Amino acid sequence: MTSVLQQAPASSDAAGAAAPAPLTLEIGGMTCASCSARVERALRKVAGVAEASVNLATEKATVTLAAPVPAATLIAAVEKAGYAAHEEAAQLDVVTAPSSTLPAWWPVAAAAALSLPLLAPMLAELAGLHLMLPGYLQWALATPVQFWLGARFYRAGWRAVRAGAGNMDLLVALGTSAAYGLSVYLLLVHGAGHHLYFESSAVVITLVLLGKSLEARARFQAIEAIRALESLRPTTALVRRGGVDVAVPVARLRVGDLLVVRPGARVPADGVVIEGSSELDEALLTGESMPVPKSVGGHVSGGAVNGDGLLLVEASAVGLDTVLSRIIKLVEDAQAVKAPIQHLVDRVAAVFVPVVLLISAVTLLAWGWLTGDWQQALLNAVAVQVIACPCALGLATPTAIMAGTGVAARHGILIKDAGALETAHAVDVVVFDKTGTLTEGKPALLRVQGAGEGEGASDACLALAWSVQQHSDHPLAQAVARAAAARALAPTAATDAQALPGRGARAQVGDAVLYLGNRRLMDELGLSAGAAPPDQTVSWLARQRAGQPAELLGMLAFGDAVRPGSRAAVARLRALGIRAIMLTGDNAGVAAVVAAQLGIDEVYAGVLPAEKRARIDALRGAGARVAMVGDGINDAPALAAADVGIAMAGGTDVAMHTAGITLMRPDPTLVVDAILISRRTWRKIGQNLGWAFAYNLVGIPLAAWGLLNPVLAGAAMAASSVCVVGNALLLRRWRPQRPA
């Protein structure tokens, strides 16, 4: 039996000591998750720091203090770790995108343009053609790749050395430097006709730069999400002071200000209505498409869109204390703790790098002392570093990710965050939003009941209802228009049409006034309306002629239709051993009906954004790997907090920016396909890493023993890369499975 838990609004804890005010630093020079981890460790070592969290995407560090600590002390600790830092100026959570006159992919393009001529002779060799560029031309092409475009690896590698750690950047710098240095040595000693290894160093740097570029694209999704949220906040507010309405910047609003909210305007801050009535679109909080009636005493939230009425609102929370600002903070905080699994390779490199250097040094000394041939000793030592150059290791994950994201895109799944693709394979709980995700997200006319009998009575009722609302853009009016058009009905000319905020609408049609609205409007007309089903919104149509009492003409029932494929998606998840849970801001009655239709056993109704995120955190805290599927602004904190965020096409920009995966069609079965693609990709990553490590375990001892010269080492390195890439490209054969 479906269990529905009605969530109570979260209460604030006013008791207890105030938490230490966090300090925010802007950090420069970070390139990967290991960089952010080193900054966190450096900050946590400072006396008086209770906790430090670094957001790689926004390049900010949030430091919680247990005791007063000068910002200069924290900045000095970050700089000692090899990164730049400065204190963030107090502002209203405004995030700006990094500006550049060149596209972000230009280093990859430049490196590829310089590397392809070096790679061409190797490719021609496979076709039986023997070509070789002049040695000094090879040097001229490889040098800018090595020291200009590859300078980032030297800088990051040096920071790792200073921090007493190893990472992929250091491994790339050492391996490519060994191949480049050996090539320069051979060019100077043996001349331009000797085999050189410039192509190895240049191609490795190009491929790793490509992987870094893909990683950077994922990191900046967080910034786009927060900027999209910021766009919901109006820049100015109309404030009534001394009986005069004046425009004031939102940043200067104060608690207690009287805000004038005109029809169609966004509410500038949280507050309480003290005059007027209207309907507000609060989809950013509840996710529900139905406007919410507001009258004197009602609470409104900043960012909500006002309907037809004029409201006077007393501000109760402004600036960073509004609900919208707290949603922004929830998104930012949740994204700060997400780290792609790909950085497991960095942790392996921390051990791998010193081991390779030790083996190379031992090889040099042992061969030199035992044979006296120091030139051969150097070649063997360099062969160790060439074969250990992390081409296959660096390609293992990005090539599988690229192949997986490519096949996913062809089948309607846009994966913007490589970490999401890597993580989704382990998902054992999928949490769905209801409105706009499992359902269509817009009201549809489900039933029309006229005062008379037969289809003619319902058609007459529907035509009159359309006559009342033919010029309205209210969601229910649009549903009436669609239903009437489908039945080829035409509206009757109406005059004196008027919206009745919080109740419905009225219009003069012929010799009578028609009313279409809720139970409150019927009560005002002295009419007794019937009971409405818990999962439907009901409007009643009434007519009143001059000097006569009002009479009921019919009833129209509206509801949110379940999306095609929703039930199949839930069934497929169950077959994979994955739990399906529904979180919704709608009421418990509606939630229970939809859950029963879809076969979902666990439902939480009446939840707000912070409560959605809390539910996600609770599931993760219990050991579950959670995917969140949603489409609205209210889902953004939960999408960010989940291990994998999946946004539905047609949803808000905020949801799609926050989620790592976007479904390009509003089809819930794509959620299952995304998980299956992730599982297949994860297997390829494991196979590729296994091959890369096995290759090193076999190749390095052979090179150290002198059984592999640098030429064979370079060929073996290239062969390992071909195996890794070929295995990853097998992912392109994947096809979604559909039940017969």
# chains A, B, ... in the order shown; residues from 1 in each chain; ligands from 1
call {"tool": "residues_around", "arguments": {"residues": "Val384 in chain A", "least_positions_apart": "5", "cutoff": "10 Å", "atoms": "only C-alpha atoms", "output": "list in words"}}
result
Gly175, Ala178, Val356, Leu357, Ile359, Ser360, Ala361, Thr363, Leu364, Leu378, Leu379, Cys389, Asn696, Gly699, Ile700, Pro701, Leu702, Ala703, Ala704, Trp705, Gly706, Leu708, Asn709, Pro710 and Ala713 of chain A
call {"tool": "select_by_dssp", "arguments": {"residues": "range 407-506 of chain A", "states": "alpha helix (DSSP H)", "output": "PyMOL selection string"}}
result
chain A and resi 407-410+418-423+454-469+475-486
call {"tool": "residues_around", "arguments": {"residues": "Val570 in chain A", "least_positions_apart": "6", "cutoff": "12 Å", "atoms": "only C-alpha atoms", "output": "PyMOL selection string"}}
result
chain A and resi 429-432+438+563-564+576-582+595-602+667-672
call {"tool": "closest_residue", "arguments": {"among": "A:Ala388, A:Cys461, A:Ala409, A:Ala550", "to": "Leu527 in chain A", "atoms": "only C-alpha atoms"}}
result
A:Ala550
call {"tool": "closest_residue", "arguments": {"among": "A:Leu514, A:Ile685, A:Leu583, A:Ala575", "to": "Glu551 in chain A", "atoms": "only C-alpha atoms"}}
result
A:Leu514
call {"tool": "closest_residue", "arguments": {"among": "A:Gly256, A:Pro22, A:Pro103, A:Gly319", "to": "Ala67 in chain A", "atoms": "only C-alpha atoms"}}
result
A:Pro22
call {"tool": "atom_distance", "arguments": {"atom1": "CA of Ala557 in chain A", "atom2": "CA of Lys442 in chain A"}}
result
13.5 Å
